[in-house]
file work.txt (compact mmCIF, C-alpha atoms)
# COMPACT_ATOMS: atom_id res chain seq x y z
CA MET V 1484 -2.83 11.72 7.37
CA LEU V 1485 0.69 10.56 6.60
CA GLN V 1486 2.54 11.83 3.52
CA PHE V 1487 5.60 10.30 1.86
CA GLN V 1488 7.85 11.04 -1.10
CA THR V 1489 8.11 7.67 -2.85
CA LYS V 1490 8.28 6.10 -6.31
CA SER V 1491 6.34 2.88 -5.70
CA VAL V 1492 4.21 1.21 -3.05
CA VAL V 1493 3.29 -2.41 -2.41
CA VAL V 1494 0.11 -3.06 -0.44
CA SER V 1495 -0.18 -6.49 1.14
CA ARG V 1496 -1.96 -8.25 3.96
CA LYS V 1497 -1.23 -10.65 6.77
CA PRO V 1498 -3.46 -12.39 9.29
CA GLY V 1499 -4.59 -10.34 12.27
CA LYS V 1500 -4.79 -11.37 15.93
CA ASP V 1501 -7.73 -13.69 15.30
CA ALA V 1502 -7.21 -16.08 12.37
CA ASP V 1503 -10.91 -15.80 11.49
CA GLY V 1504 -11.09 -12.03 12.00
CA LEU V 1505 -9.88 -8.95 10.14
CA TRP V 1506 -6.53 -8.82 8.35
CA ASN V 1507 -3.64 -6.42 8.93
CA CYS V 1508 -2.60 -4.15 6.04
CA ILE V 1509 1.05 -3.47 5.20
CA VAL V 1510 2.01 -0.47 3.05
CA ALA V 1511 5.65 -0.77 1.89
CA LEU V 1512 7.38 2.23 0.28
CA PHE V 1513 10.14 1.94 -2.36
CA ASP V 1514 12.48 4.26 -4.28
CA GLU V 1515 11.92 2.48 -7.62
CA ASN V 1516 9.10 1.05 -9.73
CA ASN V 1517 8.28 -2.67 -9.65
CA PRO V 1518 10.38 -3.52 -6.58
CA HIS V 1519 8.79 -6.98 -6.39
CA LEU V 1520 10.63 -7.97 -9.58
CA LYS V 1521 14.01 -7.37 -7.95
CA ALA V 1522 13.21 -8.49 -4.38
CA ARG V 1523 13.96 -5.00 -3.05
CA VAL V 1524 13.58 -4.07 0.61
CA PRO V 1525 11.27 -1.10 1.34
CA PHE V 1526 12.77 2.02 2.85
CA LYS V 1527 9.69 2.22 5.08
CA SER V 1528 6.81 -0.09 5.99
CA ILE V 1529 3.61 0.86 7.79
CA GLU V 1530 1.29 -1.73 9.32
CA PHE V 1531 -2.36 -1.11 10.17
CA ASP V 1532 -4.13 -3.62 12.41
CA GLU V 1533 -7.56 -5.10 11.71
CA VAL V 1534 -8.39 -3.36 8.43
CA VAL V 1535 -11.74 -3.81 6.70
CA LYS V 1536 -10.61 -2.47 3.30
CA VAL V 1537 -8.10 -0.36 1.41
CA ARG V 1538 -9.35 2.40 -0.87
CA LEU V 1539 -7.32 3.76 -3.79
CA HIS V 1540 -8.34 7.33 -4.52
CA GLU V 1541 -7.48 8.78 -7.95
CA LEU V 1542 -4.47 6.53 -8.57
CA ALA V 1543 -3.61 4.89 -11.90
CA ASN V 1544 -1.07 2.27 -12.99
CA VAL V 1545 -2.11 -0.14 -10.24
CA SER V 1546 -1.37 -3.86 -10.64
CA PHE V 1547 -2.71 -6.77 -8.59
CA TYR V 1548 -0.36 -9.76 -8.50
CA LEU V 1549 -2.26 -12.99 -7.94
CA ASN V 1550 0.78 -15.05 -6.98
CA GLY V 1551 1.52 -12.76 -4.04
CA ASN V 1552 -1.87 -11.16 -3.31
CA ASP V 1553 -0.19 -7.75 -3.52
CA LEU V 1554 -1.11 -4.44 -5.10
CA VAL V 1555 1.75 -2.52 -6.72
CA ILE V 1556 1.34 1.19 -7.50
CA ASN V 1557 4.08 2.71 -9.67
CA ASN V 1558 5.09 6.15 -10.93
CA LEU V 1559 4.34 7.92 -7.66
CA THR V 1560 5.88 11.20 -6.61
CA ARG V 1561 3.88 11.44 -3.39
CA LEU V 1562 1.73 9.02 -1.41
CA ASP V 1563 -0.88 10.09 1.13
CA VAL V 1564 -2.00 7.45 3.63
CA ASP V 1565 -5.09 8.00 5.75
CA PHE V 1566 -6.43 5.51 8.31
CA ASP V 1567 -9.97 5.90 9.61
CA GLU V 1568 -9.67 4.05 12.92
CA SER V 1569 -13.40 3.99 13.67
CA ARG V 1570 -14.28 2.42 10.28
CA ARG V 1571 -10.97 0.50 9.91
CA ILE V 1572 -10.41 1.81 6.36
CA VAL V 1573 -7.04 2.73 4.84
CA THR V 1574 -7.20 5.26 1.97
CA LEU V 1575 -4.25 5.75 -0.38
CA SER V 1576 -4.02 8.76 -2.66
CA GLY V 1577 -1.24 10.94 -4.01
CA ASP V 1578 0.45 12.18 -7.15
CA GLN V 1579 1.83 10.22 -10.08
CA THR V 1580 3.83 11.17 -13.16
CA PHE V 1581 3.78 9.23 -16.40
CA ASN V 1582 6.62 9.77 -18.88
call {"tool": "encode", "arguments": {"input": "work.txt", "output": "structure tokens"}}
result
Amino acid sequence: MLQFQTKSVVVSRKPGKDADGLWNCIVALFDENNPHLKARVPFKSIEFDEVVKVRLHELANVSFYLNGNDLVINNLTRLDVDFDESRRIVTLSGDQTFN
């Protein structure tokens, strides 16, 4: 499991090796909420190849943006990223604070 101190994360996808196969998952980490509104560059990006699905475990304040096909998770203090290679599942969990 990977662990990061971050404020916000954007989860997106891009085509994998085979256009008709599984997609790759990109997890981009940011130091501020709603980075997509300001076209910010992530301080770190992680790419997982050929992912079946992404699970969000006990996270709130999650938005899905239809115009970009991205998930944005705000108000994080910590993000845990786990990738089950045999099942091709990424699980995101962590801690959030709401003021």
call {"tool": "closest_residue", "arguments": {"input": "work.txt", "among": "V:Thr1489, V:Lys1527, V:Arg1496, V:Met1484", "to": "V:Glu1568", "atoms": "only C-alpha atoms"}}
result
V:Met1484
call {"tool": "residues_around", "arguments": {"input": "work.txt", "residues": "V:Phe1531", "least_positions_apart": "4", "cutoff": "9 Å", "atoms": "all atoms listed in the file", "output": "list in words"}}
result
Trp1506, Asn1507, Cys1508, Ile1509, Val1510, Phe1566, Arg1571 and Val1573 of chain V
call {"tool": "closest_residue", "arguments": {"input": "work.txt", "among": "V:Thr1580, V:Ser1495, V:Asn1517, V:Thr1574", "to": "V:Asn1552", "atoms": "all atoms listed in the file"}}
result
V:Ser1495
call {"tool": "atom_distance", "arguments": {"input": "work.txt", "atom1": "atom CA of V:Gly1499", "atom2": "atom CA of V:Val1545"}}
result
24.8 Å
call {"tool": "closest_residue", "arguments": {"input": "work.txt", "among": "V:Asn1516, V:Ser1528, V:Asn1558, V:Gln1488", "to": "V:Gln1579", "atoms": "all atoms listed in the file"}}
result
V:Asn1558
call {"tool": "closest_residue", "arguments": {"input": "work.txt", "among": "V:Arg1523, V:Gln1486, V:Ser1576, V:Glu1533", "to": "V:Asp1501", "atoms": "only C-alpha atoms"}}
result
V:Glu1533
call {"tool": "closest_residue", "arguments": {"input": "work.txt", "among": "V:Val1564, V:Asp1578, V:Lys1500, V:Leu1505", "to": "V:Val1534", "atoms": "all atoms listed in the file"}}
result
V:Leu1505
call {"tool": "residues_around", "arguments": {"input": "work.txt", "residues": "V:Ala1522", "least_positions_apart": "6", "cutoff": "12 Å", "atoms": "only C-alpha atoms", "output": "JSON, numbers by chain"}}
result
{"V": [1493, 1513, 1515, 1516]}
call {"tool": "atom_distance", "arguments": {"input": "work.txt", "atom1": "atom CA of V:Arg1538", "atom2": "atom CA of V:Ala1502"}}
result
22.8 Å
call {"tool": "atom_distance", "arguments": {"input": "work.txt", "atom1": "atom CA of V:Ile1556", "atom2": "atom CA of V:Glu1530"}}
result
17.1 Å
call {"tool": "build_atoms", "arguments": {"input": "work.txt", "residues": "stretch 1531-1548 of chain V", "atoms": "N, CA and C atoms", "output": "mmCIF file, in the coordinates of the input"}}
result
data_model
loop_
_atom_site.group_PDB
_atom_site.id
_atom_site.type_symbol
_atom_site.label_atom_id
_atom_site.label_comp_id
_atom_site.auth_asym_id
_atom_site.auth_seq_id
_atom_site.Cartn_x
_atom_site.Cartn_y
_atom_site.Cartn_z
ATOM 1 N N PHE V 1531 -1.100 -1.499 9.553
ATOM 2 C CA PHE V 1531 -2.360 -1.110 10.170
ATOM 3 C C PHE V 1531 -3.071 -2.385 10.607
ATOM 4 N N ASP V 1532 -3.474 -2.437 11.867
ATOM 5 C CA ASP V 1532 -4.130 -3.620 12.410
ATOM 6 C C ASP V 1532 -5.618 -3.636 12.106
ATOM 7 N N GLU V 1533 -6.129 -4.835 11.854
ATOM 8 C CA GLU V 1533 -7.560 -5.100 11.710
ATOM 9 C C GLU V 1533 -8.249 -4.131 10.740
ATOM 10 N N VAL V 1534 -7.865 -4.236 9.478
ATOM 11 C CA VAL V 1534 -8.390 -3.360 8.430
ATOM 12 C C VAL V 1534 -9.535 -4.047 7.692
ATOM 13 N N VAL V 1535 -10.593 -3.301 7.449
ATOM 14 C CA VAL V 1535 -11.740 -3.810 6.700
ATOM 15 C C VAL V 1535 -11.462 -3.753 5.199
ATOM 16 N N LYS V 1536 -10.916 -2.610 4.722
ATOM 17 C CA LYS V 1536 -10.610 -2.470 3.300
ATOM 18 C C LYS V 1536 -9.604 -1.361 3.074
ATOM 19 N N VAL V 1537 -9.031 -1.392 1.857
ATOM 20 C CA VAL V 1537 -8.100 -0.360 1.410
ATOM 21 C C VAL V 1537 -8.742 0.309 0.206
ATOM 22 N N ARG V 1538 -8.815 1.634 0.252
ATOM 23 C CA ARG V 1538 -9.350 2.400 -0.870
ATOM 24 C C ARG V 1538 -8.204 3.070 -1.615
ATOM 25 N N LEU V 1539 -8.281 3.054 -2.947
ATOM 26 C CA LEU V 1539 -7.320 3.760 -3.790
ATOM 27 C C LEU V 1539 -8.072 4.934 -4.396
ATOM 28 N N HIS V 1540 -7.638 6.129 -4.085
ATOM 29 C CA HIS V 1540 -8.340 7.330 -4.520
ATOM 30 C C HIS V 1540 -7.528 8.049 -5.590
ATOM 31 N N GLU V 1541 -8.071 8.075 -6.813
ATOM 32 C CA GLU V 1541 -7.480 8.780 -7.950
ATOM 33 C C GLU V 1541 -6.041 8.360 -8.229
ATOM 34 N N LEU V 1542 -5.783 7.064 -8.208
ATOM 35 C CA LEU V 1542 -4.470 6.530 -8.570
ATOM 36 C C LEU V 1542 -4.629 5.656 -9.808
ATOM 37 N N ALA V 1543 -3.626 5.700 -10.690
ATOM 38 C CA ALA V 1543 -3.610 4.890 -11.900
ATOM 39 C C ALA V 1543 -2.369 4.005 -11.874
ATOM 40 N N ASN V 1544 -2.209 3.176 -12.900
ATOM 41 C CA ASN V 1544 -1.070 2.270 -12.990
ATOM 42 C C ASN V 1544 -0.952 1.415 -11.724
ATOM 43 N N VAL V 1545 -2.041 0.750 -11.395
ATOM 44 C CA VAL V 1545 -2.110 -0.140 -10.240
ATOM 45 C C VAL V 1545 -2.212 -1.567 -10.744
ATOM 46 N N SER V 1546 -1.357 -2.447 -10.224
ATOM 47 C CA SER V 1546 -1.370 -3.860 -10.640
ATOM 48 C C SER V 1546 -1.636 -4.737 -9.430
ATOM 49 N N PHE V 1547 -2.437 -5.777 -9.634
ATOM 50 C CA PHE V 1547 -2.710 -6.770 -8.590
ATOM 51 C C PHE V 1547 -2.037 -8.068 -9.011
ATOM 52 N N TYR V 1548 -1.111 -8.554 -8.191
ATOM 53 C CA TYR V 1548 -0.360 -9.760 -8.500
ATOM 54 C C TYR V 1548 -0.962 -10.946 -7.760
#
